[in-house]
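Heads up: the structure comes next, in structure tokens.
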Amino acid sequence: QFERKVRYPAPMGTMPASEGIVAVKFNCSEDGVPSQVQLYKTSGHGDLDRATVRAMEHIATLHPLPRGVGHDQQYIVRVLFANSEGYAQRNMTRLREDAARSNAWVGRSGATTAMLELVPPKG
């Protein structure tokens, strides 16, 4: 659902689209709705940060949760906004490593981390 909700913000005027990594932290209510959504790490670009928080706030449900993941956990989703293949490739390895490290604790404690890569449409 998140992928359908988040949109790459349109560039303003002649400015190119911003690039960056946004991290949003949230909880999952008993009925599956994301709650306590907050910016965890800014991309340095308010438009990207707002688009990510807004998308998370508009998800109807996170159910069904993966096995070993409960409602009492905090979650972090990291979104990579890239307007070039080079930027995306340089950052994807690090994001995958961070997610694997964070997700190694699933079922024990800590936050569950997901990644999402967004590249603006061509044209």
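To be explicit about the labels: the chains of the structure tokens are called A, B, and onward in the order shown, and within each one the residues are counted from 1, while ligands get numbers from 1 in the order they are shown.
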
Would you list the contacts of region 39-52 of chain A as a PDB file with all heavy atoms, in the first residue's frame, taking every protein, DNA or RNA residue within 8 Å and counting only C-alpha atoms, but skipping same-chain residues closer than 3 positions in sequence?
ATOM      1  N   VAL A   6       2.801   6.822  -1.764  1.00  0.00           N
ATOM      2  CA  VAL A   6       3.872   7.821  -1.821  1.00  0.00           C
ATOM      3  C   VAL A   6       4.099   8.246  -3.266  1.00  0.00           C
ATOM      4  O   VAL A   6       4.082   7.435  -4.181  1.00  0.00           O
ATOM      5  CB  VAL A   6       5.174   7.310  -1.153  1.00  0.00           C
ATOM      6  CG1 VAL A   6       5.842   6.224  -1.966  1.00  0.00           C
ATOM      7  CG2 VAL A   6       6.145   8.448  -0.896  1.00  0.00           C
ATOM      8  N   ARG A   7       4.263   9.524  -3.444  1.00  0.00           N
ATOM      9  CA  ARG A   7       4.502  10.097  -4.773  1.00  0.00           C
ATOM     10  C   ARG A   7       5.739  10.973  -4.720  1.00  0.00           C
ATOM     11  O   ARG A   7       5.955  11.718  -3.761  1.00  0.00           O
ATOM     12  CB  ARG A   7       3.312  10.968  -5.210  1.00  0.00           C
ATOM     13  CG  ARG A   7       2.036  10.208  -5.378  1.00  0.00           C
ATOM     14  CD  ARG A   7       2.074   9.401  -6.673  1.00  0.00           C
ATOM     15  NE  ARG A   7       0.868   8.638  -6.857  1.00  0.00           N
ATOM     16  CZ  ARG A   7       0.775   7.319  -6.705  1.00  0.00           C
ATOM     17  NH1 ARG A   7       1.834   6.620  -6.357  1.00  0.00           N
ATOM     18  NH2 ARG A   7      -0.350   6.691  -6.896  1.00  0.00           N
ATOM     19  N   TYR A   8       6.520  10.892  -5.780  1.00  0.00           N
ATOM     20  CA  TYR A   8       7.694  11.756  -5.889  1.00  0.00           C
ATOM     21  C   TYR A   8       7.180  13.169  -6.123  1.00  0.00           C
ATOM     22  O   TYR A   8       6.439  13.399  -7.068  1.00  0.00           O
ATOM     23  CB  TYR A   8       8.541  11.308  -7.076  1.00  0.00           C
ATOM     24  CG  TYR A   8      10.012  11.643  -6.938  1.00  0.00           C
ATOM     25  CD1 TYR A   8      10.945  10.623  -6.867  1.00  0.00           C
ATOM     26  CD2 TYR A   8      10.462  12.938  -6.884  1.00  0.00           C
ATOM     27  CE1 TYR A   8      12.299  10.896  -6.759  1.00  0.00           C
ATOM     28  CE2 TYR A   8      11.804  13.234  -6.760  1.00  0.00           C
ATOM     29  CZ  TYR A   8      12.725  12.214  -6.701  1.00  0.00           C
ATOM     30  OH  TYR A   8      14.052  12.481  -6.574  1.00  0.00           O
ATOM     31  N   PRO A   9       7.508  14.115  -5.244  1.00  0.00           N
ATOM     32  CA  PRO A   9       7.008  15.484  -5.436  1.00  0.00           C
ATOM     33  C   PRO A   9       7.490  16.075  -6.752  1.00  0.00           C
ATOM     34  O   PRO A   9       8.619  15.835  -7.172  1.00  0.00           O
ATOM     35  CB  PRO A   9       7.595  16.250  -4.249  1.00  0.00           C
ATOM     36  CG  PRO A   9       7.978  15.209  -3.260  1.00  0.00           C
ATOM     37  CD  PRO A   9       8.319  13.977  -4.057  1.00  0.00           C
ATOM     38  N   SER A  18      14.258  16.794  -6.100  1.00  0.00           N
ATOM     39  CA  SER A  18      15.179  16.578  -4.990  1.00  0.00           C
ATOM     40  C   SER A  18      15.542  15.103  -4.878  1.00  0.00           C
ATOM     41  O   SER A  18      14.803  14.234  -5.322  1.00  0.00           O
ATOM     42  CB  SER A  18      14.517  17.018  -3.680  1.00  0.00           C
ATOM     43  OG  SER A  18      14.125  18.363  -3.740  1.00  0.00           O
ATOM     44  N   GLU A  19      16.683  14.841  -4.267  1.00  0.00           N
ATOM     45  CA  GLU A  19      17.117  13.477  -3.974  1.00  0.00           C
ATOM     46  C   GLU A  19      17.391  13.381  -2.484  1.00  0.00           C
ATOM     47  O   GLU A  19      17.796  14.354  -1.861  1.00  0.00           O
ATOM     48  CB  GLU A  19      18.411  13.128  -4.724  1.00  0.00           C
ATOM     49  CG  GLU A  19      18.262  13.039  -6.207  1.00  0.00           C
ATOM     50  CD  GLU A  19      19.560  12.639  -6.885  1.00  0.00           C
ATOM     51  OE1 GLU A  19      20.611  13.260  -6.586  1.00  0.00           O
ATOM     52  OE2 GLU A  19      19.525  11.728  -7.711  1.00  0.00           O
ATOM     53  N   GLY A  20      17.186  12.201  -1.932  1.00  0.00           N
ATOM     54  CA  GLY A  20      17.508  12.018  -0.532  1.00  0.00           C
ATOM     55  C   GLY A  20      16.866  10.769   0.031  1.00  0.00           C
ATOM     56  O   GLY A  20      16.103  10.082  -0.645  1.00  0.00           O
ATOM     57  N   ILE A  21      17.197  10.488   1.273  1.00  0.00           N
ATOM     58  CA  ILE A  21      16.658   9.335   1.984  1.00  0.00           C
ATOM     59  C   ILE A  21      15.884   9.854   3.182  1.00  0.00           C
ATOM     60  O   ILE A  21      16.418  10.605   3.992  1.00  0.00           O
ATOM     61  CB  ILE A  21      17.780   8.390   2.446  1.00  0.00           C
ATOM     62  CG1 ILE A  21      18.545   7.864   1.236  1.00  0.00           C
ATOM     63  CG2 ILE A  21      17.198   7.250   3.282  1.00  0.00           C
ATOM     64  CD1 ILE A  21      19.834   7.146   1.583  1.00  0.00           C
ATOM     65  N   VAL A  22      14.628   9.455   3.264  1.00  0.00           N
ATOM     66  CA  VAL A  22      13.754   9.844   4.366  1.00  0.00           C
ATOM     67  C   VAL A  22      13.508   8.612   5.224  1.00  0.00           C
ATOM     68  O   VAL A  22      13.270   7.525   4.693  1.00  0.00           O
ATOM     69  CB  VAL A  22      12.394  10.353   3.845  1.00  0.00           C
ATOM     70  CG1 VAL A  22      11.502  10.788   4.999  1.00  0.00           C
ATOM     71  CG2 VAL A  22      12.575  11.471   2.832  1.00  0.00           C
ATOM     72  N   ALA A  23      13.527   8.783   6.530  1.00  0.00           N
ATOM     73  CA  ALA A  23      13.150   7.704   7.444  1.00  0.00           C
ATOM     74  C   ALA A  23      11.971   8.187   8.276  1.00  0.00           C
ATOM     75  O   ALA A  23      12.000   9.285   8.836  1.00  0.00           O
ATOM     76  CB  ALA A  23      14.320   7.315   8.339  1.00  0.00           C
ATOM     77  N   VAL A  24      10.921   7.361   8.309  1.00  0.00           N
ATOM     78  CA  VAL A  24       9.717   7.668   9.072  1.00  0.00           C
ATOM     79  C   VAL A  24       9.513   6.559  10.092  1.00  0.00           C
ATOM     80  O   VAL A  24       9.611   5.379   9.759  1.00  0.00           O
ATOM     81  CB  VAL A  24       8.490   7.784   8.138  1.00  0.00           C
ATOM     82  CG1 VAL A  24       7.214   7.964   8.927  1.00  0.00           C
ATOM     83  CG2 VAL A  24       8.672   8.932   7.163  1.00  0.00           C
ATOM     84  N   LYS A  25       9.224   6.950  11.336  1.00  0.00           N
ATOM     85  CA  LYS A  25       8.994   5.993  12.418  1.00  0.00           C
ATOM     86  C   LYS A  25       7.506   6.003  12.752  1.00  0.00           C
ATOM     87  O   LYS A  25       6.863   7.049  12.736  1.00  0.00           O
ATOM     88  CB  LYS A  25       9.819   6.388  13.635  1.00  0.00           C
ATOM     89  CG  LYS A  25       9.721   5.423  14.791  1.00  0.00           C
ATOM     90  CD  LYS A  25      10.760   5.663  15.868  1.00  0.00           C
ATOM     91  CE  LYS A  25      10.664   7.015  16.508  1.00  0.00           C
ATOM     92  NZ  LYS A  25      11.526   7.167  17.686  1.00  0.00           N
ATOM     93  N   ALA A  55       2.197   9.908   3.047  1.00  0.00           N
ATOM     94  CA  ALA A  55       1.877   8.585   2.500  1.00  0.00           C
ATOM     95  C   ALA A  55       1.661   7.572   3.618  1.00  0.00           C
ATOM     96  O   ALA A  55       0.711   6.785   3.578  1.00  0.00           O
ATOM     97  CB  ALA A  55       2.983   8.112   1.565  1.00  0.00           C
ATOM     98  N   MET A  56       2.505   7.605   4.627  1.00  0.00           N
ATOM     99  CA  MET A  56       2.361   6.662   5.737  1.00  0.00           C
ATOM    100  C   MET A  56       1.071   6.918   6.508  1.00  0.00           C
ATOM    101  O   MET A  56       0.389   5.988   6.925  1.00  0.00           O
ATOM    102  CB  MET A  56       3.578   6.757   6.662  1.00  0.00           C
ATOM    103  CG  MET A  56       3.583   5.746   7.776  1.00  0.00           C
ATOM    104  SD  MET A  56       3.440   4.024   7.247  1.00  0.00           S
ATOM    105  CE  MET A  56       4.910   3.822   6.275  1.00  0.00           C
ATOM    106  N   ILE A  76      10.270   1.461  11.240  1.00  0.00           N
ATOM    107  CA  ILE A  76      10.920   2.536  10.498  1.00  0.00           C
ATOM    108  C   ILE A  76      10.883   2.147   9.034  1.00  0.00           C
ATOM    109  O   ILE A  76      11.247   1.031   8.669  1.00  0.00           O
ATOM    110  CB  ILE A  76      12.386   2.734  10.932  1.00  0.00           C
ATOM    111  CG1 ILE A  76      12.461   3.138  12.397  1.00  0.00           C
ATOM    112  CG2 ILE A  76      13.058   3.791  10.047  1.00  0.00           C
ATOM    113  CD1 ILE A  76      13.874   3.137  12.953  1.00  0.00           C
ATOM    114  N   VAL A  79      12.875   5.610   2.743  1.00  0.00           N
ATOM    115  CA  VAL A  79      12.514   5.804   1.340  1.00  0.00           C
ATOM    116  C   VAL A  79      13.644   6.548   0.648  1.00  0.00           C
ATOM    117  O   VAL A  79      14.069   7.603   1.103  1.00  0.00           O
ATOM    118  CB  VAL A  79      11.195   6.604   1.210  1.00  0.00           C
ATOM    119  CG1 VAL A  79      10.829   6.797  -0.242  1.00  0.00           C
ATOM    120  CG2 VAL A  79      10.075   5.898   1.962  1.00  0.00           C
ATOM    121  N   PHE A  81      14.626   8.568  -2.519  1.00  0.00           N
ATOM    122  CA  PHE A  81      14.157   9.342  -3.671  1.00  0.00           C
ATOM    123  C   PHE A  81      15.392   9.634  -4.528  1.00  0.00           C
ATOM    124  O   PHE A  81      16.354  10.232  -4.038  1.00  0.00           O
ATOM    125  CB  PHE A  81      13.541  10.667  -3.233  1.00  0.00           C
ATOM    126  CG  PHE A  81      12.217  10.536  -2.538  1.00  0.00           C
ATOM    127  CD1 PHE A  81      12.149  10.417  -1.164  1.00  0.00           C
ATOM    128  CD2 PHE A  81      11.038  10.553  -3.266  1.00  0.00           C
ATOM    129  CE1 PHE A  81      10.934  10.325  -0.514  1.00  0.00           C
ATOM    130  CE2 PHE A  81       9.815  10.456  -2.634  1.00  0.00           C
ATOM    131  CZ  PHE A  81       9.757  10.339  -1.253  1.00  0.00           C
TER     132      PHE A  81
END

(request) Can you work out which one of A:Ser29, A:Ser35, A:Glu57, A:Val77 has the shortest atom-to-atom distance to Leu95 (chain A), counting only C-alpha atoms? (result)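 Once distances to Leu95 (chain A) are computed over only C-alpha atoms, the minimum belongs to A:Val77.
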